[in-house]
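> Please find my_file.csv (CSV, C-alpha atoms) on the next line:
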```csv
chain,number,residue,atom,x,y,z
P,1,MET,CA,0.0,0.0,0.0
P,2,ALA,CA,2.3,2.7,-1.2
P,3,SER,CA,1.6,6.3,-0.4
P,4,SER,CA,0.8,7.2,-3.9
P,5,ALA,CA,-1.8,9.6,-5.3
P,6,SER,CA,-4.3,6.9,-5.7
P,7,ASN,CA,-6.5,5.2,-3.1
P,8,PHE,CA,-5.1,2.0,-1.6
P,9,SER,CA,-6.1,-0.9,0.6
P,10,ILE,CA,-4.3,-2.1,3.7
P,11,SER,CA,-3.4,-5.8,4.0
P,12,SER,CA,-3.0,-7.4,7.4
P,13,SER,CA,-0.8,-9.9,9.1
P,14,SER,CA,0.1,-10.6,12.7
P,15,SER,CA,3.0,-9.5,14.8
P,16,SER,CA,4.3,-10.1,18.3
P,17,PRO,CA,5.5,-7.6,20.9
P,18,GLY,CA,9.3,-7.2,22.4
P,19,LEU,CA,11.7,-4.2,23.7
P,20,PRO,CA,11.8,-1.0,21.7
P,21,LEU,CA,15.1,-1.0,19.8
P,22,PRO,CA,16.3,1.1,16.9
P,23,PRO,CA,17.1,-0.7,13.6
P,24,SER,CA,20.6,-2.2,13.2
P,25,SER,CA,22.6,-0.9,10.3
P,26,SER,CA,23.7,-4.4,9.5
P,27,SER,CA,20.2,-5.9,9.5
P,28,SER,CA,18.0,-6.1,6.4
P,29,ILE,CA,14.9,-6.6,8.6
P,30,ALA,CA,12.5,-3.7,8.8
P,31,PRO,CA,12.7,-1.9,12.2
P,32,LYS,CA,9.8,-2.2,14.6
P,33,ILE,CA,8.7,-0.8,17.8
P,34,LEU,CA,7.8,-3.6,20.2
P,35,LEU,CA,7.5,-4.1,23.9
P,36,ALA,CA,9.1,-6.3,26.5
P,37,LYS,CA,8.2,-9.9,27.0
P,38,PRO,CA,8.8,-11.0,30.6
P,39,GLY,CA,9.2,-14.6,31.6
P,40,SER,CA,6.1,-16.7,31.3
P,41,THR,CA,6.3,-17.8,34.9
P,42,SER,CA,5.5,-14.3,36.2
P,43,THR,CA,2.2,-13.9,37.9
P,44,GLU,CA,2.3,-10.1,38.0
P,45,SER,CA,-0.2,-8.1,36.0
P,46,PRO,CA,1.0,-6.4,32.8
P,47,ALA,CA,0.5,-3.0,34.5
P,48,ASN,CA,2.9,-3.9,37.4
P,49,LEU,CA,5.4,-5.4,35.0
P,50,ARG,CA,5.4,-2.3,32.8
P,51,SER,CA,6.2,-0.1,35.8
P,52,ARG,CA,9.5,-2.0,36.4
P,53,LEU,CA,10.7,-1.9,32.8
P,54,PRO,CA,12.6,0.8,31.0
P,55,SER,CA,10.2,3.6,30.2
P,56,VAL,CA,9.2,4.1,26.5
P,57,GLY,CA,7.8,7.5,27.4
P,58,SER,CA,10.9,9.0,25.6
P,59,LEU,CA,9.3,7.9,22.4
P,60,ASN,CA,6.4,10.3,22.9
P,61,LEU,CA,6.2,12.7,19.9
P,62,LEU,CA,5.2,15.6,22.1
P,63,SER,CA,7.2,17.1,25.0
P,64,ASP,CA,5.7,18.5,28.2
P,65,SER,CA,5.9,22.0,26.5
P,66,TRP,CA,3.9,20.6,23.5
P,67,ASP,CA,6.9,20.7,21.1
P,68,PHE,CA,7.3,18.0,18.4
P,69,HIS,CA,10.4,15.8,18.7
P,70,ILE,CA,11.2,13.7,15.6
P,71,ASP,CA,14.5,12.5,16.9
P,72,ARG,CA,12.6,10.2,19.3
P,73,ILE,CA,11.1,8.1,16.6
P,74,LEU,CA,13.2,8.8,13.5
P,75,PRO,CA,15.6,5.8,14.2
P,76,PHE,CA,12.7,3.5,14.0
P,77,LEU,CA,11.6,4.7,10.5
P,78,THR,CA,13.0,3.8,7.1
P,79,GLU,CA,12.9,5.1,3.5
P,80,ASN,CA,10.1,2.7,2.9
P,81,THR,CA,7.1,4.2,1.0
P,82,ASP,CA,4.7,1.4,1.7
P,83,PHE,CA,3.2,2.3,5.0
P,84,THR,CA,-0.1,3.4,6.6
P,85,VAL,CA,-0.7,5.9,9.4
P,86,ILE,CA,-3.6,5.2,11.8
P,87,GLY,CA,-4.4,7.6,14.6
P,88,VAL,CA,-7.0,7.6,17.4
P,89,ILE,CA,-8.7,10.2,19.5
P,90,GLY,CA,-11.4,9.7,22.1
P,91,THR,CA,-12.8,10.3,25.5
P,92,PRO,CA,-11.3,9.0,28.8
P,93,GLY,CA,-11.6,5.2,29.3
P,94,CYS,CA,-13.4,4.6,26.0
P,95,GLY,CA,-10.9,1.9,24.9
P,96,LYS,CA,-8.6,3.7,22.5
P,97,SER,CA,-5.5,1.9,23.5
P,98,THR,CA,-7.3,-1.5,23.5
P,99,ILE,CA,-8.3,-0.9,19.9
P,100,MET,CA,-4.8,0.2,18.9
P,101,ASN,CA,-3.3,-3.0,20.5
P,102,GLU,CA,-5.7,-5.0,18.4
P,103,LEU,CA,-4.6,-3.1,15.2
P,104,TYR,CA,-1.0,-3.8,16.2
P,105,GLY,CA,-1.7,-7.5,16.2
P,106,TYR,CA,-1.4,-7.9,20.0
P,107,PHE,CA,-3.8,-10.5,21.5
P,108,ASP,CA,-4.5,-10.4,25.3
P,109,ALA,CA,-1.9,-12.6,26.9
P,110,THR,CA,-2.2,-11.6,30.5
P,111,SER,CA,-1.7,-15.2,31.7
P,112,SER,CA,1.8,-15.3,30.1
P,113,GLY,CA,2.7,-11.8,31.3
P,114,MET,CA,3.2,-10.4,27.8
P,115,LEU,CA,2.9,-6.6,27.7
P,116,PRO,CA,0.7,-4.8,25.2
P,117,PRO,CA,2.3,-2.2,22.9
P,118,PHE,CA,0.0,0.5,24.3
P,119,ALA,CA,-0.6,0.7,28.1
P,120,ILE,CA,-4.2,0.2,29.1
P,121,GLN,CA,-5.8,1.3,32.3
P,122,SER,CA,-5.5,-1.0,35.3
P,123,GLU,CA,-8.0,-1.1,38.1
P,124,GLU,CA,-5.6,1.0,40.2
P,125,THR,CA,-5.3,3.6,37.5
P,126,LYS,CA,-9.1,3.8,37.1
P,127,ALA,CA,-9.5,4.1,40.9
P,128,MET,CA,-7.0,7.0,41.0
P,129,GLY,CA,-8.7,8.8,38.1
P,130,LYS,CA,-5.5,8.8,36.0
P,131,HIS,CA,-4.9,8.4,32.3
P,132,CYS,CA,-2.3,6.1,30.7
P,133,THR,CA,-1.4,8.0,27.5
P,134,SER,CA,0.1,11.5,27.3
P,135,GLY,CA,0.6,13.5,24.2
P,136,ILE,CA,1.0,11.3,21.1
P,137,GLU,CA,2.6,7.8,21.6
P,138,PRO,CA,3.7,6.0,18.4
P,139,ARG,CA,4.2,2.3,17.7
P,140,ILE,CA,5.2,0.7,14.5
P,141,SER,CA,4.2,-2.9,13.5
P,142,THR,CA,6.0,-5.3,11.3
P,143,GLU,CA,3.4,-4.5,8.6
P,144,ARG,CA,4.6,-0.9,8.7
P,145,LEU,CA,1.5,0.4,10.3
P,146,ILE,CA,2.4,3.6,12.1
P,147,LEU,CA,-0.1,3.7,15.0
P,148,LEU,CA,-0.6,7.0,16.9
P,149,ASP,CA,-2.3,6.7,20.3
P,150,THR,CA,-3.2,10.0,22.0
P,151,GLN,CA,-4.1,11.3,25.4
P,152,PRO,CA,-7.8,11.4,26.2
P,153,LEU,CA,-9.8,14.4,25.3
P,154,PHE,CA,-12.2,16.1,27.7
P,155,SER,CA,-10.2,14.5,30.5
P,156,PRO,CA,-10.3,15.8,34.1
P,157,SER,CA,-6.9,14.2,34.8
P,158,VAL,CA,-5.3,15.8,31.8
P,159,LEU,CA,-6.8,19.2,32.9
P,160,ALA,CA,-5.5,18.7,36.5
P,161,GLU,CA,-2.0,18.0,35.2
P,162,MET,CA,-1.8,21.1,33.1
P,163,MET,CA,-3.3,23.5,35.7
P,164,ARG,CA,-1.2,25.8,37.8
P,165,PRO,CA,-2.4,26.8,41.3
P,166,ASP,CA,-3.8,30.1,39.9
P,167,GLY,CA,-5.8,28.2,37.2
P,168,SER,CA,-3.5,29.1,34.3
P,169,SER,CA,-2.1,26.6,31.8
P,170,THR,CA,1.4,25.1,32.0
P,171,ILE,CA,1.3,24.4,28.2
P,172,PRO,CA,2.0,27.4,26.0
P,173,LEU,CA,-0.6,27.9,23.2
P,174,LEU,CA,-1.5,30.7,20.8
P,175,ASN,CA,2.1,31.9,20.5
P,176,GLY,CA,2.7,31.7,24.3
P,177,GLU,CA,-0.2,34.0,25.3
P,178,PRO,CA,-1.3,33.2,28.9
P,179,LEU,CA,-4.5,31.1,28.9
P,180,SER,CA,-6.7,29.6,31.5
P,181,ALA,CA,-6.1,25.8,31.9
P,182,ASP,CA,-9.7,25.0,30.9
P,183,LEU,CA,-9.4,27.0,27.6
P,184,ALA,CA,-6.0,25.5,26.8
P,185,HIS,CA,-7.4,22.1,27.5
P,186,GLU,CA,-10.2,22.7,25.0
P,187,LEU,CA,-7.8,24.0,22.4
P,188,ILE,CA,-5.4,21.1,22.8
P,189,GLY,CA,-8.1,18.6,21.9
P,190,ILE,CA,-8.9,20.5,18.7
P,191,GLN,CA,-5.2,20.8,17.9
P,192,LEU,CA,-4.7,17.1,18.3
P,193,GLY,CA,-7.7,16.3,16.2
P,194,THR,CA,-6.7,18.7,13.4
P,195,PHE,CA,-3.1,17.4,13.4
P,196,LEU,CA,-4.1,13.7,13.2
P,197,ALA,CA,-6.7,14.4,10.5
P,198,SER,CA,-3.9,16.1,8.5
P,199,ILE,CA,-1.2,13.4,8.8
P,200,CYS,CA,-3.1,10.0,9.1
P,201,HIS,CA,-4.6,7.8,6.4
P,202,VAL,CA,-7.3,6.6,8.9
P,203,LEU,CA,-8.5,8.4,12.1
P,204,LEU,CA,-10.5,6.4,14.7
P,205,VAL,CA,-12.9,8.7,16.6
P,206,VAL,CA,-13.9,6.8,19.8
P,207,THR,CA,-16.7,7.6,22.2
P,208,GLU,CA,-18.2,5.6,25.1
P,209,GLY,CA,-21.9,5.0,24.7
P,210,VAL,CA,-24.3,6.5,22.1
P,211,HIS,CA,-25.5,9.7,23.8
P,212,ASP,CA,-22.2,11.7,24.1
P,213,THR,CA,-21.7,13.9,21.0
P,214,ASN,CA,-18.6,15.8,22.2
P,215,MET,CA,-16.3,13.9,19.8
P,216,TRP,CA,-18.7,14.6,16.9
P,217,ASN,CA,-18.7,18.3,17.8
P,218,LEU,CA,-14.9,18.3,18.0
P,219,MET,CA,-14.6,16.7,14.5
P,220,LEU,CA,-16.9,19.4,13.0
P,221,THR,CA,-14.6,22.0,14.6
P,222,VAL,CA,-11.6,20.2,13.1
P,223,ASP,CA,-13.3,20.3,9.7
P,224,LEU,CA,-13.9,24.1,10.2
P,225,LEU,CA,-10.3,25.0,11.2
P,226,LYS,CA,-8.3,22.6,9.1
P,227,HIS,CA,-8.4,24.8,6.0
P,228,GLY,CA,-4.9,25.5,4.5
P,229,ILE,CA,-2.9,22.8,6.3
P,230,PRO,CA,-0.9,21.1,3.6
P,231,ASP,CA,-0.7,17.4,2.6
P,232,PRO,CA,2.1,15.5,4.5
P,233,SER,CA,3.7,14.8,1.2
P,234,SER,CA,3.7,18.4,0.1
P,235,SER,CA,6.9,19.5,-1.7
P,236,THR,CA,6.5,22.9,0.1
P,237,LEU,CA,7.0,21.2,3.4
P,238,SER,CA,9.9,19.1,2.2
P,239,HIS,CA,11.8,22.2,1.0
P,240,SER,CA,11.1,24.2,4.2
P,241,GLN,CA,14.1,25.3,6.2
P,242,GLY,CA,14.8,23.3,9.4
P,243,VAL,CA,12.5,20.7,11.0
P,244,ASN,CA,10.0,22.6,13.1
P,245,LEU,CA,10.5,26.1,11.6
P,246,VAL,CA,7.7,27.5,9.6
P,247,THR,CA,8.1,31.1,8.5
P,248,GLU,CA,5.2,33.6,8.5
P,249,LYS,CA,5.4,33.7,4.6
P,250,GLU,CA,5.2,29.9,4.4
P,251,MET,CA,2.2,30.0,6.8
P,252,ASN,CA,0.3,32.5,4.6
P,253,ASN,CA,1.1,30.6,1.5
P,254,ASN,CA,-0.2,27.4,3.1
P,255,LEU,CA,-3.4,29.1,4.1
P,256,GLN,CA,-4.0,30.6,0.7
P,257,ARG,CA,-3.3,27.4,-1.2
P,258,SER,CA,-6.4,25.3,-2.1
P,259,GLY,CA,-6.6,21.7,-3.1
P,260,ASP,CA,-3.2,20.8,-1.4
P,261,ASP,CA,-4.6,19.5,1.9
P,262,HIS,CA,-5.2,16.0,3.1
P,263,LEU,CA,-8.0,14.6,5.3
P,264,ALA,CA,-7.9,11.3,7.0
P,265,SER,CA,-10.7,8.8,6.5
P,266,PRO,CA,-12.6,8.8,9.8
P,267,ILE,CA,-14.1,5.7,11.5
P,268,PHE,CA,-16.6,6.6,14.3
P,269,VAL,CA,-16.4,3.9,17.0
P,270,HIS,CA,-18.9,3.7,19.9
P,271,THR,CA,-17.9,1.4,22.7
P,272,LYS,CA,-19.3,-0.1,25.9
P,273,LEU,CA,-22.8,-0.3,24.5
P,274,GLU,CA,-25.7,-1.9,26.4
P,275,ASP,CA,-27.9,-4.5,24.9
P,276,GLN,CA,-30.7,-2.0,24.4
P,277,ASP,CA,-28.4,0.2,22.4
P,278,LEU,CA,-27.8,-2.6,19.9
P,279,ALA,CA,-31.4,-3.1,19.0
P,280,PRO,CA,-31.7,-2.9,15.2
P,281,HIS,CA,-34.0,0.2,15.1
P,282,LYS,CA,-31.6,2.0,17.5
P,283,VAL,CA,-28.6,1.1,15.3
P,284,LEU,CA,-30.4,2.5,12.3
P,285,ARG,CA,-31.3,5.7,14.2
P,286,LEU,CA,-27.6,6.2,15.2
P,287,ARG,CA,-26.5,5.7,11.6
P,288,LYS,CA,-29.0,8.3,10.4
P,289,ARG,CA,-27.9,10.8,13.2
P,290,LEU,CA,-24.3,10.4,12.2
P,291,ALA,CA,-25.0,10.9,8.5
P,292,GLN,CA,-27.1,14.0,9.2
P,293,TYR,CA,-24.6,15.5,11.7
P,294,PHE,CA,-21.8,15.4,9.1
P,295,SER,CA,-23.9,15.9,6.0
P,296,SER,CA,-22.2,19.2,5.1
P,297,SER,CA,-18.7,18.4,6.3
P,298,SER,CA,-15.6,17.6,4.2
P,299,PHE,CA,-15.6,14.1,5.6
P,300,MET,CA,-18.6,13.2,3.4
P,301,ARG,CA,-16.5,14.1,0.3
P,302,LEU,CA,-13.9,11.5,1.0
P,303,ASN,CA,-13.8,8.5,-1.3
P,304,HIS,CA,-13.7,5.8,1.3
P,305,GLY,CA,-16.9,4.1,0.2
P,306,SER,CA,-20.1,3.5,2.1
P,307,THR,CA,-20.4,-0.3,1.8
P,308,SER,CA,-22.1,-2.5,4.4
P,309,LYS,CA,-18.7,-3.8,5.7
P,310,GLU,CA,-18.0,-0.3,7.1
P,311,ARG,CA,-21.1,-0.5,9.3
P,312,ILE,CA,-20.0,-3.0,11.9
P,313,CYS,CA,-22.3,-3.8,14.8
P,314,PRO,CA,-22.9,-7.0,16.8
P,315,VAL,CA,-26.4,-7.4,15.3
P,316,SER,CA,-27.9,-7.5,11.9
P,317,ALA,CA,-29.3,-4.0,11.3
P,318,PRO,CA,-32.4,-3.4,9.1
P,319,ASP,CA,-31.6,-3.7,5.4
P,320,ILE,CA,-32.1,0.0,4.8
P,321,LYS,CA,-29.4,2.0,3.0
P,322,ILE,CA,-28.9,5.5,4.4
P,323,ASN,CA,-28.3,6.8,0.8
P,324,ASP,CA,-31.8,5.6,-0.1
P,325,LEU,CA,-32.9,8.3,2.4
P,326,GLY,CA,-30.9,10.9,0.6
P,327,LEU,CA,-27.8,10.7,2.9
P,328,ARG,CA,-24.3,9.4,2.5
P,329,GLU,CA,-22.8,7.3,5.2
P,330,LEU,CA,-19.6,7.5,7.3
P,331,SER,CA,-17.9,4.4,8.7
P,332,LEU,CA,-19.5,3.4,12.0
P,333,VAL,CA,-18.4,0.6,14.4
P,334,LEU,CA,-20.4,-0.4,17.5
P,335,LEU,CA,-18.6,-2.4,20.3
P,336,PRO,CA,-20.6,-4.0,23.2
P,337,TYR,CA,-19.3,-4.2,26.8
P,338,ARG,CA,-16.2,-6.4,27.1
P,339,ASN,CA,-17.8,-9.0,29.4
P,340,GLN,CA,-20.2,-10.2,26.6
P,341,ASP,CA,-19.1,-13.6,25.2
P,342,ASP,CA,-19.9,-15.8,22.2
P,343,THR,CA,-21.9,-18.4,24.1
P,344,GLU,CA,-24.5,-20.3,22.1
P,345,GLY,CA,-27.8,-18.4,22.0
P,346,ALA,CA,-26.2,-15.0,22.8
P,347,GLN,CA,-28.3,-12.2,21.4
P,348,TYR,CA,-25.3,-10.2,20.1
P,349,GLU,CA,-21.8,-10.9,19.0
P,350,SER,CA,-19.1,-10.5,21.7
P,351,PHE,CA,-16.7,-7.6,22.2
P,352,ASN,CA,-13.7,-9.7,21.1
P,353,THR,CA,-15.5,-10.8,17.9
P,354,MET,CA,-16.4,-7.2,17.1
P,355,LEU,CA,-12.9,-5.9,17.9
P,356,GLY,CA,-11.5,-8.5,15.4
P,357,LYS,CA,-14.0,-7.3,12.8
P,358,LEU,CA,-12.9,-3.7,13.4
P,359,ARG,CA,-9.3,-4.7,12.8
P,360,ASP,CA,-10.3,-6.4,9.6
P,361,GLN,CA,-12.2,-3.4,8.4
P,362,VAL,CA,-9.4,-0.9,9.1
P,363,LEU,CA,-6.8,-3.1,7.5
P,364,SER,CA,-8.8,-3.7,4.3
P,365,MET,CA,-10.6,-0.4,3.8
P,366,THR,CA,-9.8,1.9,0.9
P,367,CYS,CA,-8.1,5.0,2.4
P,368,GLN,CA,-7.5,8.5,1.2
P,369,SER,CA,-3.8,8.5,0.2
P,370,PHE,CA,-1.3,11.4,0.3
P,371,ALA,CA,-0.9,13.5,-2.8
P,372,ARG,CA,2.4,12.0,-3.8
P,373,THR,CA,4.7,9.1,-2.7
P,374,VAL,CA,6.6,9.8,0.5
P,375,SER,CA,8.9,7.8,2.7
P,376,GLU,CA,8.3,7.1,6.4
P,377,ARG,CA,11.1,9.5,7.4
P,378,GLU,CA,9.9,12.2,5.1
P,379,TRP,CA,6.4,11.8,6.4
P,380,LEU,CA,7.7,12.3,10.0
P,381,ARG,CA,9.7,15.4,9.1
P,382,ASN,CA,6.8,16.9,7.3
P,383,SER,CA,4.5,16.0,10.2
P,384,ALA,CA,6.7,18.0,12.5
P,385,ARG,CA,6.3,21.0,10.2
P,386,ILE,CA,2.5,20.5,10.1
P,387,TRP,CA,2.4,20.5,13.9
P,388,ASP,CA,4.2,23.8,13.8
P,389,ILE,CA,1.6,25.2,11.3
P,390,VAL,CA,-1.3,24.0,13.5
P,391,LYS,CA,0.2,25.6,16.6
P,392,LYS,CA,0.9,28.9,14.8
P,393,SER,CA,-2.2,29.0,12.6
P,394,PRO,CA,-3.9,32.5,12.7
P,395,ILE,CA,-7.2,30.7,12.2
P,396,PHE,CA,-6.6,28.8,15.5
P,397,ALA,CA,-5.5,32.0,17.2
P,398,GLU,CA,-8.7,33.7,16.1
P,399,TYR,CA,-10.8,30.8,17.2
P,400,GLY,CA,-9.1,30.7,20.6
P,401,LYS,CA,-9.8,34.4,21.1
P,402,THR,CA,-13.4,33.9,20.2
P,403,LEU,CA,-13.7,31.2,22.9
P,404,GLN,CA,-11.8,33.4,25.3
P,405,ASN,CA,-14.3,36.2,24.8
P,406,SER,CA,-17.3,33.9,24.9
P,407,GLY,CA,-17.5,33.8,28.7
P,408,MET,CA,-17.5,30.0,28.7
P,409,PHE,CA,-13.9,29.8,30.1
P,410,ARG,CA,-12.1,31.3,33.0
P,411,SER,CA,-10.3,34.5,32.1
```
What is this structure when it is put down as structure tokens?


Amino acid sequence: MASSASNFSISSSSSSPGLPLPPSSSSSIAPKILLAKPGSTSTESPANLRSRLPSVGSLNLLSDSWDFHIDRILPFLTENTDFTVIGVIGTPGCGKSTIMNELYGYFDATSSGMLPPFAIQSEETKAMGKHCTSGIEPRISTERLILLDTQPLFSPSVLAEMMRPDGSSTIPLLNGEPLSADLAHELIGIQLGTFLASICHVLLVVTEGVHDTNMWNLMLTVDLLKHGIPDPSSSTLSHSQGVNLVTEKEMNNNLQRSGDDHLASPIFVHTKLEDQDLAPHKVLRLRKRLAQYFSSSSFMRLNHGSTSKERICPVSAPDIKINDLGLRELSLVLLPYRNQDDTEGAQYESFNTMLGKLRDQVLSMTCQSFARTVSEREWLRNSARIWDIVKKSPIFAEYGKTLQNSGMFRS
């Protein structure tokens, strides 16, 4: 699946996790980011084992000051042009990291003590109200899937970490202008969504339940503010001076340019659904709501199809096509609670079965490709410049000031 100007499909295979090591110059094997495999005799939980192993936090693409660091992941990338970038954003505890582990090819092996590529919440972490992922954490599978997990959006624990005693933000945004932590927290979520929509082939948008539309609202805002951010394969980015340096002239040129931007193909995933949420008529209602919500958005113009395989749910929905009702569809996946199993006579398919189907869908779907062929390393360097554009965008600055003056956030 080369990053060419045409659409492509992702093929899948399985991989197994080990310690993160950069590629050896004498090896012809493609580098991979993997995690440690403790002895199979260990009875400790993966969360406890992870805490005693060398931290892979240094691989985070974003620093505490919200700067992008390509040197942390560049040694793991190659000049290969046949790769796919999959990102995820979502609310706290919705299962983002669990989904990314499945895409990586990791299968739950708690009994053997094998660690997942992405940390998942332990009972202790949940009880303390903490989050496992900070910034953007990358992993690379042997299939050359570049997986980008992100910190939770609309997260009280993230907000608490970035708040000073006076209520201001510890993270500089909008060219360093002092902001309240709650406003900065709101803007960070929009920046992350915009950035991932600009550099990924596929973007998973994950929400717990069916009634929370915060992620839908955020993606509409992303669509509104993303104008002018260039394609990750843009020659303009490749010829820019430095890694993270974008001049004001380059910024204005990017904002004035049309037709040179990229938009990831979104998949909307709703997790932890109750049995009543999976009733066929309610599934159809959700599909219609999603299609109506984004009917005027740029996401509807993407050529990622609207076939039945992209509407995954644990029950056969009514055989009614949304486009028969005058609406186009976006990809929608419904996942039940994890404790559901595949026992004979079960009303719906289990969480594990549906998670496997989600992986199959993502790895076989037709994605929106980049404008031209680009290597993994060039993609990363250009992504750093795109992050700089997002941070310095005058459109974001104006939107931030509008929110600041709205009275909705602490001044």

> Using only C-alpha atoms, tabulate the residues of range 185-231 of chain P lying at most 9 Å from any atom of range 163-178 of chain P, each with its closest atom pair and that distance in Å to one decimal, by chain and increasing residue number, as a tab-separated table.


```
residue	atom	partner	partner_atom	distance
P:His185	CA	P:Ser169	CA	8.2
P:Leu187	CA	P:Leu173	CA	8.2
P:Ile188	CA	P:Leu173	CA	8.3
```

> Within 10 Å of (-19.4, 6.6, 17.5) in the file's own coordinates, which protein, DNA or RNA residues have an atom, counting all atoms listed in the file? List them as a list in words.

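Those residues lying close to the given coordinates are Gly90, Leu204, Val205, Val206, Thr207, Glu208, Gly209, Val210, His211, Asp212, Thr213, Met215, Trp216, Ile267, Phe268, Val269, His270, Thr271, Leu286, Arg287, Leu290, Ser331, Leu332, Val333, Leu334 and Leu335 of chain P.
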
> Between P:Asp277, P:Glu376, P:Asp231, P:Asp223, which has the minimum distance to Met300 in chain P (counting only C-alpha atoms)?

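Ranking P:Asp277, P:Glu376, P:Asp231, P:Asp223 by distance to Met300 in chain P, first place goes to P:Asp223.
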
> What does the distance between CA of Met100 in chain P and CA of Phe118 in chain P come to in Å, to one decimal place?

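Between CA of Met100 in chain P and CA of Phe118 in chain P the gap is 7.2 Å.
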
> May I ask which of the residues P:Leu355, P:Leu74, P:Ile86, P:Leu62 is the closest one to Ser198 in chain P, counting only C-alpha atoms?

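Between P:Leu355, P:Leu74, P:Ile86, P:Leu62, the residue approaching Ser198 in chain P most closely is P:Ile86.
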
> Could you check which of P:Thr366, P:Thr84, P:Ser393, P:Ser233 is closest to Cys200 in chain P, using only C-alpha atoms?

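Of P:Thr366, P:Thr84, P:Ser393, P:Ser233, the one nearest Cys200 in chain P is P:Thr84, counting only C-alpha atoms.
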
> Report, in Å with one decimal, the straight-line distance from CA of Thr98 in chain P to CA of Arg338 in chain P.

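We find that CA of Thr98 in chain P and CA of Arg338 in chain P lie 10.8 Å from each other.
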
> One number please: CA of Ser369 in chain P to CA of Thr194 in chain P, in Å, one decimal.

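One can read the CA of Ser369 in chain P to CA of Thr194 in chain P distance as 16.9 Å.
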
> Determine the nearest neighbour of Tyr337 in chain P from the options P:Ala397, P:Leu278, P:Ala181, P:Ile389, counting all atoms listed in the file.

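Using all atoms listed in the file, the shortest distance to Tyr337 in chain P belongs to P:Leu278.
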
> Hey, what's within 6 Å of range 132-147 of chain P if we count only C-alpha atoms and toss same-chain stuff fewer than 3 positions away? As a PyMOL selection string, please?

chain P and resi 32-33+60-62+83-87+104+150-151

> Considering only C-alpha atoms, return as a list in words whatever protein or nucleic-acid residues lie within 8 Å of range 261-266 of chain P, sequence-local ones (same chain, fewer than 3 positions apart) excluded.

Leu196, Ala197, Ser198, Ile199, Cys200, His201, Val202, Leu203, Leu204, Val205, His227, Gly228, Ile229, Pro230, Asp231, Pro232, Ser258, Phe299, Leu302, His304, Leu330, Ser331, Cys367, Gln368, Phe370 and Ala371 of chain P

> Would you mind exporting C-alpha atoms of the selected residues as a tab-separated table (two decimals), in the coordinates of the input?


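Once everything was written out, this is result-v8.tsv:
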```
chain	number	residue	atom	x	y	z
P	196	LEU	CA	-4.10	13.70	13.20
P	197	ALA	CA	-6.70	14.40	10.50
P	198	SER	CA	-3.90	16.10	8.50
P	199	ILE	CA	-1.20	13.40	8.80
P	200	CYS	CA	-3.10	10.00	9.10
P	201	HIS	CA	-4.60	7.80	6.40
P	202	VAL	CA	-7.30	6.60	8.90
P	203	LEU	CA	-8.50	8.40	12.10
P	204	LEU	CA	-10.50	6.40	14.70
P	205	VAL	CA	-12.90	8.70	16.60
P	227	HIS	CA	-8.40	24.80	6.00
P	228	GLY	CA	-4.90	25.50	4.50
P	229	ILE	CA	-2.90	22.80	6.30
P	230	PRO	CA	-0.90	21.10	3.60
P	231	ASP	CA	-0.70	17.40	2.60
P	232	PRO	CA	2.10	15.50	4.50
P	258	SER	CA	-6.40	25.30	-2.10
P	299	PHE	CA	-15.60	14.10	5.60
P	302	LEU	CA	-13.90	11.50	1.00
P	304	HIS	CA	-13.70	5.80	1.30
P	330	LEU	CA	-19.60	7.50	7.30
P	331	SER	CA	-17.90	4.40	8.70
P	367	CYS	CA	-8.10	5.00	2.40
P	368	GLN	CA	-7.50	8.50	1.20
P	370	PHE	CA	-1.30	11.40	0.30
P	371	ALA	CA	-0.90	13.50	-2.80
```

> Of the residues P:Leu225, P:Pro117, P:Glu398, P:Pro92, which is the one nearest to Leu159 in chain P, using only C-alpha atoms?

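Closest to Leu159 in chain P, using only C-alpha atoms: P:Pro92.
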
> Here is a test: counting only C-alpha atoms, which residue of P:Asp275, P:Asp149, P:Glu124, P:Asp67 is nearest to Trp387 in chain P?

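Smallest separation from Trp387 in chain P among the options: P:Asp67.
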